[in-house]
>>> print(open('my_file.cif').read())   # mmCIF, C-alpha atoms
data_target
loop_
_atom_site.label_atom_id
_atom_site.label_comp_id
_atom_site.auth_asym_id
_atom_site.auth_seq_id
_atom_site.Cartn_x
_atom_site.Cartn_y
_atom_site.Cartn_z
CA MET A 1 71.42 53.64 90.86
CA SER A 2 68.77 50.95 90.53
CA VAL A 3 66.61 52.87 93.01
CA GLU A 4 66.87 55.97 90.82
CA ILE A 5 65.82 54.03 87.76
CA LYS A 6 62.89 52.55 89.67
CA ASN A 7 61.77 56.00 90.80
CA GLN A 8 61.93 57.35 87.25
CA SER A 9 59.70 54.58 85.97
CA ASN A 10 56.10 55.43 85.17
CA HIS A 11 54.80 52.13 86.48
CA ILE A 12 52.17 52.45 89.17
CA ASP A 13 53.54 51.49 92.55
CA GLU A 14 50.81 50.50 95.01
CA SER A 15 53.22 49.00 97.52
CA HIS A 16 53.70 52.13 99.65
CA SER A 17 54.16 51.39 103.33
CA HIS A 18 51.03 51.40 105.44
CA PRO A 19 50.79 51.30 109.24
CA LYS A 20 50.27 48.06 111.14
CA PRO A 21 46.84 47.09 112.60
CA MET A 22 48.02 48.11 116.09
CA THR A 23 48.66 51.65 114.84
CA TYR A 24 45.15 51.71 113.39
CA PHE A 25 43.78 50.59 116.76
CA LYS A 26 45.69 53.35 118.59
CA VAL A 27 44.33 55.89 116.10
CA ALA A 28 40.79 54.61 116.75
CA MET A 29 41.29 55.03 120.49
CA ALA A 30 42.55 58.58 119.95
CA LEU A 31 39.39 59.30 117.94
CA VAL A 32 37.20 57.85 120.68
CA ILE A 33 38.93 60.00 123.33
CA LEU A 34 38.57 63.16 121.21
CA THR A 35 34.88 62.40 120.62
CA ALA A 36 34.37 61.83 124.35
CA LEU A 37 36.04 65.20 125.02
CA GLU A 38 33.70 66.86 122.50
CA ILE A 39 30.65 65.44 124.28
CA LEU A 40 32.11 66.37 127.68
CA VAL A 41 32.72 70.04 126.81
CA PHE A 42 29.21 70.20 125.34
CA TYR A 43 27.90 69.99 128.92
CA PHE A 44 30.17 72.81 130.18
CA ASP A 45 27.69 75.69 129.90
CA TRP A 46 30.16 78.07 131.58
CA LEU A 47 32.39 77.90 128.48
CA GLY A 48 30.05 80.29 126.66
CA TYR A 49 31.42 81.27 123.27
CA GLY A 50 34.66 79.54 124.29
CA ILE A 51 33.10 76.27 123.11
CA ILE A 52 33.50 77.35 119.47
CA PRO A 53 37.32 77.20 119.35
CA VAL A 54 37.34 74.09 121.57
CA LEU A 55 34.90 72.16 119.32
CA ALA A 56 36.66 73.47 116.21
CA PHE A 57 40.04 72.26 117.49
CA LEU A 58 38.73 68.81 118.46
CA SER A 59 36.88 68.34 115.15
CA ILE A 60 39.85 69.46 113.06
CA ALA A 61 42.10 67.11 115.05
CA LYS A 62 39.77 64.15 114.40
CA PHE A 63 39.41 65.11 110.74
CA ALA A 64 43.18 65.36 110.29
CA ILE A 65 43.87 62.05 112.07
CA VAL A 66 41.41 60.14 109.86
CA VAL A 67 42.71 61.76 106.68
CA MET A 68 46.38 61.22 107.53
CA TYR A 69 46.25 57.67 108.93
CA TYR A 70 43.07 55.95 107.73
CA MET A 71 43.07 57.59 104.29
CA HIS A 72 46.88 57.24 104.15
CA LEU A 73 47.60 60.79 102.99
CA LYS A 74 50.57 60.86 105.38
CA PHE A 75 52.12 57.99 103.44
CA ASP A 76 50.78 58.48 99.90
CA SER A 77 51.83 60.80 97.07
CA LYS A 78 51.67 64.52 97.89
CA LEU A 79 49.60 65.03 94.73
CA PHE A 80 46.61 63.38 96.44
CA THR A 81 47.03 65.76 99.39
CA TYR A 82 47.10 68.82 97.10
CA VAL A 83 44.02 67.68 95.16
CA PHE A 84 42.04 67.03 98.34
CA LEU A 85 43.26 70.19 100.10
CA ALA A 86 42.19 72.31 97.11
CA GLY A 87 38.62 71.05 97.48
CA LEU A 88 38.73 71.35 101.26
CA ILE A 89 39.99 74.94 101.24
CA LEU A 90 37.35 75.95 98.69
CA ALA A 91 34.74 74.23 100.86
CA ALA A 92 35.85 76.21 103.93
CA VAL A 93 35.76 79.44 101.91
CA VAL A 94 32.21 78.62 100.72
CA ILE A 95 30.98 78.18 104.31
CA LEU A 96 32.75 81.28 105.65
CA TRP A 97 31.61 83.37 102.69
CA LEU A 98 27.98 82.30 103.15
CA MET A 99 28.19 83.08 106.87
CA ALA A 100 29.70 86.50 106.14
CA LEU A 101 27.00 87.25 103.54
CA PHE A 102 24.30 86.51 106.10
CA GLY A 103 25.84 88.70 108.78
CA TRP A 104 27.33 86.07 111.08
CA PHE A 105 30.43 88.12 111.78
CA VAL A 106 28.78 91.49 112.42
CA MET B 1 49.89 46.32 87.74
CA SER B 2 50.71 46.77 84.05
CA ASP B 3 49.09 50.21 83.67
CA GLU B 4 51.42 53.14 82.99
CA THR B 5 50.58 56.74 83.80
CA THR B 6 52.46 60.00 83.34
CA THR B 7 52.49 60.63 87.09
CA GLY B 8 53.33 57.10 88.14
CA LEU B 9 50.13 57.17 90.20
CA SER B 10 46.95 55.24 89.63
CA HIS B 11 44.46 57.29 87.62
CA ARG B 12 41.61 55.61 89.48
CA LYS B 13 43.04 56.67 92.81
CA LEU B 14 43.65 60.22 91.60
CA LEU B 15 40.07 60.29 90.32
CA ILE B 16 38.61 59.27 93.69
CA TRP B 17 40.64 62.01 95.41
CA VAL B 18 39.35 64.57 92.89
CA PHE B 19 35.82 63.31 93.55
CA LEU B 20 36.31 63.54 97.34
CA GLY B 21 37.67 67.09 97.00
CA SER B 22 34.62 68.10 94.97
CA ASP B 23 32.30 66.31 97.41
CA CYS B 24 33.81 68.51 100.17
CA MET B 25 32.45 71.54 98.32
CA PHE B 26 29.06 69.85 97.89
CA PHE B 27 28.78 69.23 101.63
CA ALA B 28 30.11 72.72 102.36
CA SER B 29 27.17 74.23 100.49
CA LEU B 30 24.74 72.09 102.53
CA ILE B 31 26.46 72.84 105.86
CA GLY B 32 26.68 76.56 105.04
CA THR B 33 23.01 76.66 104.08
CA TYR B 34 22.07 74.87 107.30
CA LEU B 35 24.09 77.30 109.42
CA ILE B 36 22.60 80.45 107.91
CA TYR B 37 18.98 79.23 107.89
CA LYS B 38 18.66 77.05 111.01
CA GLY B 39 17.75 79.94 113.27
CA SER B 40 15.81 82.08 110.83
CA GLY B 41 12.48 80.26 110.99
CA VAL B 42 9.74 81.47 113.31
CA LEU B 43 8.04 78.09 113.68
CA HIS B 44 9.09 75.46 116.20
CA PRO B 45 10.64 72.94 116.67
CA GLY B 46 14.28 74.07 116.57
CA PRO B 47 17.53 72.11 117.06
CA ALA B 48 17.41 72.24 120.86
CA ASP B 49 13.84 70.85 120.85
CA VAL B 50 14.58 67.71 118.87
CA PHE B 51 18.24 66.66 119.09
CA ASP B 52 19.13 63.82 121.44
CA ILE B 53 22.89 64.13 121.95
CA PRO B 54 23.44 60.80 123.83
CA THR B 55 21.76 58.80 121.02
CA THR B 56 23.66 60.65 118.27
CA SER B 57 26.91 60.17 120.24
CA VAL B 58 26.37 56.39 120.10
CA SER B 59 25.76 56.45 116.32
CA THR B 60 28.87 58.64 115.92
CA PHE B 61 30.89 56.09 117.90
CA VAL B 62 29.56 53.29 115.66
CA LEU B 63 30.62 55.15 112.49
CA LEU B 64 34.08 55.89 113.93
CA MET B 65 34.52 52.20 114.76
CA SER B 66 33.42 51.24 111.25
CA SER B 67 36.35 53.28 109.93
CA MET B 68 38.72 51.30 112.16
CA SER B 69 37.13 48.07 110.95
CA MET B 70 37.59 49.24 107.34
CA VAL B 71 41.34 49.84 107.74
CA PHE B 72 41.70 46.44 109.40
CA ALA B 73 39.95 44.84 106.39
CA TYR B 74 42.37 46.63 104.06
CA ALA B 75 45.42 45.77 106.16
CA TYR B 76 44.52 42.05 106.19
CA LEU B 77 43.77 41.99 102.45
CA VAL B 78 47.21 43.45 101.72
CA ARG B 79 48.66 40.64 103.88
CA ASP B 80 46.59 38.10 101.88
CA ASP B 81 44.68 37.01 105.00
CA ILE B 82 41.34 36.66 103.20
CA LYS B 83 39.47 35.18 106.17
CA ALA B 84 40.34 38.12 108.45
CA PHE B 85 39.61 40.52 105.60
CA ARG B 86 36.10 39.08 105.21
CA ILE B 87 35.40 39.27 108.95
CA TRP B 88 36.39 42.96 109.12
CA MET B 89 34.57 43.79 105.88
CA PHE B 90 31.41 42.20 107.23
CA SER B 91 31.72 44.07 110.53
CA THR B 92 32.21 47.35 108.63
CA MET B 93 29.00 46.71 106.69
CA ILE B 94 27.12 45.84 109.88
CA MET B 95 28.31 49.04 111.60
CA GLY B 96 27.46 51.12 108.53
CA SER B 97 23.98 49.60 108.49
CA THR B 98 23.63 50.22 112.24
CA PHE B 99 24.47 53.88 111.70
CA LEU B 100 21.77 54.04 109.02
CA GLY B 101 19.36 52.37 111.45
CA PHE B 102 20.09 55.12 113.99
CA GLN B 103 19.40 57.72 111.32
CA VAL B 104 16.07 56.12 110.35
CA PHE B 105 15.14 56.01 114.05
CA GLU B 106 16.14 59.67 114.50
CA PHE B 107 14.23 60.83 111.42
CA SER B 108 11.09 58.91 112.42
CA GLU B 109 11.27 60.36 115.96
CA PHE B 110 11.58 63.89 114.57
CA TYR B 111 8.83 63.35 112.02
CA PHE B 112 6.21 61.51 114.08
CA HIS B 113 7.01 62.60 117.64
CA ASP B 114 8.38 66.14 117.25
CA ASP B 115 6.34 67.13 114.17
CA LEU B 116 9.45 68.15 112.25
CA SER B 117 9.19 67.54 108.52
CA PRO B 118 11.21 69.13 105.70
CA GLN B 119 8.24 71.48 105.14
CA THR B 120 7.84 72.56 108.80
CA ASN B 121 10.48 75.31 108.85
CA LEU B 122 13.88 76.24 107.41
CA PHE B 123 15.65 74.25 110.12
CA GLY B 124 13.74 71.11 109.05
CA THR B 125 14.43 71.71 105.35
CA THR B 126 18.16 72.29 105.73
CA PHE B 127 18.63 69.60 108.42
CA TYR B 128 16.96 66.83 106.41
CA ALA B 129 18.76 67.94 103.22
CA LEU B 130 22.17 67.82 104.94
CA THR B 131 21.85 64.66 107.05
CA GLY B 132 19.76 62.93 104.38
CA THR B 133 22.49 63.52 101.79
CA HIS B 134 25.05 62.14 104.22
CA GLY B 135 22.81 59.11 104.87
CA LEU B 136 22.59 58.57 101.11
CA HIS B 137 26.40 58.59 100.93
CA VAL B 138 26.56 55.99 103.74
CA THR B 139 23.98 53.85 101.91
CA ILE B 140 26.04 53.96 98.70
CA GLY B 141 29.12 53.05 100.77
CA VAL B 142 27.41 50.03 102.35
CA ILE B 143 26.26 48.83 98.88
CA TRP B 144 29.79 49.34 97.50
CA LEU B 145 31.33 47.35 100.37
CA GLY B 146 28.61 44.72 99.93
CA ILE B 147 29.56 44.24 96.26
CA ILE B 148 33.24 43.78 97.21
CA PHE B 149 32.27 41.36 99.99
CA TYR B 150 30.07 39.38 97.59
CA SER B 151 32.90 39.26 95.02
CA SER B 152 35.25 37.96 97.68
CA LEU B 153 32.83 35.29 98.94
CA PHE B 154 31.36 33.93 95.73
CA ARG B 155 33.77 34.91 92.95
CA ASN B 156 37.06 34.85 94.83
CA THR B 157 38.20 37.89 92.84
CA VAL B 158 39.35 40.01 95.79
CA THR B 159 43.02 39.40 96.55
CA SER B 160 46.05 41.39 97.65
CA LYS B 161 46.82 41.97 93.95
CA THR B 162 43.47 43.72 93.44
CA ASN B 163 43.65 45.69 96.70
CA LEU B 164 43.22 49.00 94.82
CA ASP B 165 39.50 48.18 94.41
CA LEU B 166 39.15 48.00 98.19
CA ASP B 167 41.45 51.00 98.68
CA LEU B 168 39.07 53.20 96.64
CA ALA B 169 36.01 51.97 98.53
CA ALA B 170 37.84 52.50 101.83
CA LEU B 171 38.75 56.09 100.90
CA TYR B 172 35.10 56.79 100.17
CA TRP B 173 34.07 55.17 103.44
CA HIS B 174 36.51 57.24 105.51
CA PHE B 175 35.36 60.37 103.71
CA VAL B 176 31.79 59.64 104.84
CA ASP B 177 33.22 59.35 108.36
CA ILE B 178 35.03 62.72 108.26
CA VAL B 179 31.94 64.45 106.92
CA TRP B 180 30.02 63.09 109.90
CA ILE B 181 32.76 64.36 112.25
CA VAL B 182 32.00 67.87 110.98
CA ILE B 183 28.21 67.41 111.01
CA PHE B 184 28.23 66.04 114.56
CA ALA B 185 30.19 69.05 115.87
CA VAL B 186 28.58 71.80 113.79
CA VAL B 187 24.96 70.63 113.61
CA TYR B 188 24.43 68.64 116.79
CA LEU B 189 26.84 69.92 119.47
CA PHE B 190 27.17 73.54 118.34
CA GLY B 191 23.47 73.69 117.39
CA THR B 192 22.16 72.69 120.80
CA PHE B 193 24.77 74.14 123.14
CA THR B 194 22.93 75.99 125.90
CA GLY B 195 25.88 77.98 127.24
CA PHE B 196 25.79 80.85 124.74
CA PRO B 197 24.98 84.14 126.53
CA SER B 198 21.87 84.78 124.40
CA SER B 199 20.40 81.28 124.88
#
>>> encode(input="my_file.cif", output="C-alpha cells")
Amino acid sequence: MSVEIKNQSNHIDESHSHPKPMTYFKVAMALVILTALEILVFYFDWLGYGIIPVLAFLSIAKFAIVVMYYMHLKFDSKLFTYVFLAGLILAAVVILWLMALFGWFV
Amino acid sequence: MSDETTTGLSHRKLLIWVFLGSDCMFFASLIGTYLIYKGSGVLHPGPADVFDIPTTSVSTFVLLMSSMSMVFAYAYLVRDDIKAFRIWMFSTMIMGSTFLGFQVFEFSEFYFHDDLSPQTNLFGTTFYALTGTHGLHVTIGVIWLGIIFYSSLFRNTVTSKTNLDLDLAALYWHFVDIVWIVIFAVVYLFGTFTGFPSS
C-alpha cells in the first residue's frame, strides 16, 4: 500500500536505478567494436550498394545503445522516450522527404 | 528535491529532452541538405578528394570514449565519490577538446591544402555548415562541463544531491555523440565509399 501511495505522489523521484560502471564499460566496448566493423566494411568495395543497409544497421545499433544505456532512456520515464522519438521520427521524415524531392529514389 | 510537478518528472529534464528532440530536426535539415547537394557541384574537390577516414576514425573513437567517461563521472557523483567524479569529468573535457582539435586540424587541411572553403562548391558549403554546427555543439558542451567542473573544484556545489545538473549536461553530451555517429556514417563513410557501381 505504501508503494502505491509513493507512486501516486507528485514529488520528483531522481533515484531511478542506473547501471553500474562495469555495464557502462561493456557498452563502450560494444560501441568500439561496432565502429571498427563500420570502418572494416568501408574497405569492402565488393559490397557495392550492399554497404548502405550494413552501415545503416551498424549506425542505428550504436545510436540505440547510446540512447538506451548512456542517456538512460531504458531506465527512465517513457515520457522522455516519446518526446525524443517524436523529434527523431520527424527528423528522419525530413531527410527522406528531402531526398525524395531531389530524386534520390528514382 | 522539494519541487512538485504534475507528471512527477523533473521539468528541467523534460525540457532538455524536448530540446534534444527539436535539435534532431535541426541536424536532420543540415544532413538532408548535405546529402542532396554534395554531388551537385561541378567544381572539385569532392568528398573522396579530401576525407581522411583513418584520422576521422580516431577522432570518432575519442568522442565515443568521452561518452563513456561522462557516464563514469555521473555514476561516481551519484555514489558521492567526488574525487573520482572530478577525474572522469576532467578526462571528458580533455577528450571533447581533443575532438575539437581534430576538427580544427581537418578544417585547416581542407582549407589550406585541398582548397576547399565554404564558397568553393556546394559540397564545401553544406559540409562546413553541418560539421561546423556539430563542432559548435561540442564547444558548448565542453564549456558546460567546464562550468560544472569549476563549481565542483572551487565552490563545492556539485554533490550527489545536485546530480540533476550533471545529468542534464551529460544528456546533451551524449546527444552530441549520437549526432556524430550519424555524421561519421552518412558523411564520411557513405560519402567516400568507392564500391558503388557508378564510382
>>> interface_residues(input="my_file.cif", of="chain B", to="chain A", cutoff="8 Å", atoms="only C-alpha atoms", output="PDB file with C-alpha atoms, in the coordinates of the input")
ATOM      1  CA  MET B   1      49.890  46.320  87.740  1.00  0.00           C
ATOM      2  CA  SER B   2      50.710  46.770  84.050  1.00  0.00           C
ATOM      3  CA  ASP B   3      49.090  50.210  83.670  1.00  0.00           C
ATOM      4  CA  GLU B   4      51.420  53.140  82.990  1.00  0.00           C
ATOM      5  CA  THR B   5      50.580  56.740  83.800  1.00  0.00           C
ATOM      6  CA  THR B   6      52.460  60.000  83.340  1.00  0.00           C
ATOM      7  CA  THR B   7      52.490  60.630  87.090  1.00  0.00           C
ATOM      8  CA  GLY B   8      53.330  57.100  88.140  1.00  0.00           C
ATOM      9  CA  LEU B   9      50.130  57.170  90.200  1.00  0.00           C
ATOM     10  CA  SER B  10      46.950  55.240  89.630  1.00  0.00           C
ATOM     11  CA  LEU B  14      43.650  60.220  91.600  1.00  0.00           C
ATOM     12  CA  TRP B  17      40.640  62.010  95.410  1.00  0.00           C
ATOM     13  CA  VAL B  18      39.350  64.570  92.890  1.00  0.00           C
ATOM     14  CA  LEU B  20      36.310  63.540  97.340  1.00  0.00           C
ATOM     15  CA  GLY B  21      37.670  67.090  97.000  1.00  0.00           C
ATOM     16  CA  SER B  22      34.620  68.100  94.970  1.00  0.00           C
ATOM     17  CA  ASP B  23      32.300  66.310  97.410  1.00  0.00           C
ATOM     18  CA  CYS B  24      33.810  68.510 100.170  1.00  0.00           C
ATOM     19  CA  MET B  25      32.450  71.540  98.320  1.00  0.00           C
ATOM     20  CA  PHE B  26      29.060  69.850  97.890  1.00  0.00           C
ATOM     21  CA  PHE B  27      28.780  69.230 101.630  1.00  0.00           C
ATOM     22  CA  ALA B  28      30.110  72.720 102.360  1.00  0.00           C
ATOM     23  CA  SER B  29      27.170  74.230 100.490  1.00  0.00           C
ATOM     24  CA  ILE B  31      26.460  72.840 105.860  1.00  0.00           C
ATOM     25  CA  GLY B  32      26.680  76.560 105.040  1.00  0.00           C
ATOM     26  CA  THR B  33      23.010  76.660 104.080  1.00  0.00           C
ATOM     27  CA  LEU B  35      24.090  77.300 109.420  1.00  0.00           C
ATOM     28  CA  ILE B  36      22.600  80.450 107.910  1.00  0.00           C
ATOM     29  CA  SER B  57      26.910  60.170 120.240  1.00  0.00           C
ATOM     30  CA  PHE B  61      30.890  56.090 117.900  1.00  0.00           C
ATOM     31  CA  LEU B  64      34.080  55.890 113.930  1.00  0.00           C
ATOM     32  CA  MET B  65      34.520  52.200 114.760  1.00  0.00           C
ATOM     33  CA  SER B  67      36.350  53.280 109.930  1.00  0.00           C
ATOM     34  CA  MET B  68      38.720  51.300 112.160  1.00  0.00           C
ATOM     35  CA  VAL B  71      41.340  49.840 107.740  1.00  0.00           C
ATOM     36  CA  PHE B  72      41.700  46.440 109.400  1.00  0.00           C
ATOM     37  CA  ALA B  75      45.420  45.770 106.160  1.00  0.00           C
ATOM     38  CA  LEU B 164      43.220  49.000  94.820  1.00  0.00           C
ATOM     39  CA  ALA B 170      37.840  52.500 101.830  1.00  0.00           C
ATOM     40  CA  LEU B 171      38.750  56.090 100.900  1.00  0.00           C
ATOM     41  CA  HIS B 174      36.510  57.240 105.510  1.00  0.00           C
ATOM     42  CA  ILE B 178      35.030  62.720 108.260  1.00  0.00           C
ATOM     43  CA  ILE B 181      32.760  64.360 112.250  1.00  0.00           C
ATOM     44  CA  VAL B 182      32.000  67.870 110.980  1.00  0.00           C
ATOM     45  CA  ALA B 185      30.190  69.050 115.870  1.00  0.00           C
ATOM     46  CA  LEU B 189      26.840  69.920 119.470  1.00  0.00           C
ATOM     47  CA  PHE B 190      27.170  73.540 118.340  1.00  0.00           C
ATOM     48  CA  PHE B 193      24.770  74.140 123.140  1.00  0.00           C
ATOM     49  CA  THR B 194      22.930  75.990 125.900  1.00  0.00           C
ATOM     50  CA  GLY B 195      25.880  77.980 127.240  1.00  0.00           C
ATOM     51  CA  PHE B 196      25.790  80.850 124.740  1.00  0.00           C
ATOM     52  CA  PRO B 197      24.980  84.140 126.530  1.00  0.00           C
TER      53      PRO B 197
END
>>> resolve_selection(input="my_file.cif", expression="the PyMOL selection byres ((chain B and resi 161) around 9)", output="NGL selection string")
:B and (1 or 78 or 80 or 158-160 or 162-164)
>>> write_last_selection(input="my_file.cif", atoms="C-alpha atoms", output="PDB file, keeping the file's coordinate frame")
ATOM      1  CA  MET B   1      49.890  46.320  87.740  1.00  0.00           C
ATOM      2  CA  VAL B  78      47.210  43.450 101.720  1.00  0.00           C
ATOM      3  CA  ASP B  80      46.590  38.100 101.880  1.00  0.00           C
ATOM      4  CA  VAL B 158      39.350  40.010  95.790  1.00  0.00           C
ATOM      5  CA  THR B 159      43.020  39.400  96.550  1.00  0.00           C
ATOM      6  CA  SER B 160      46.050  41.390  97.650  1.00  0.00           C
ATOM      7  CA  THR B 162      43.470  43.720  93.440  1.00  0.00           C
ATOM      8  CA  ASN B 163      43.650  45.690  96.700  1.00  0.00           C
ATOM      9  CA  LEU B 164      43.220  49.000  94.820  1.00  0.00           C
TER      10      LEU B 164
END
>>> atom_distance(input="my_file.cif", atom1="CA of His137 in chain B", atom2="CA of Val176 in chain B")
6.7 Å
>>> atom_distance(input="my_file.cif", atom1="CA of Leu63 in chain B", atom2="CA of Arg86 in chain B")
18.5 Å
>>> atom_distance(input="my_file.cif", atom1="CA of Val42 in chain B", atom2="CA of Thr120 in chain B")
10.2 Å
>>> closest_residue(input="my_file.cif", among="B:Ser152, B:Thr157, B:Ser117, B:Thr60", to="Lys83 in chain B", atoms="all atoms listed in the file")
B:Ser152
>>> residues_near_point(input="my_file.cif", point="(11.0, 65.0, 116.2)", cutoff="10 Å", atoms="all atoms listed in the file", output="MDAnalysis selection string")
chainID B and resid 45:47 49:52 106:117 124
>>> resolve_selection(input="my_file.cif", expression="the PyMOL selection byres ((chain B and resi 88) around 7)", output="VMD selection string")
chain B and resid 69 to 70 72 to 73 84 to 87 89 to 92
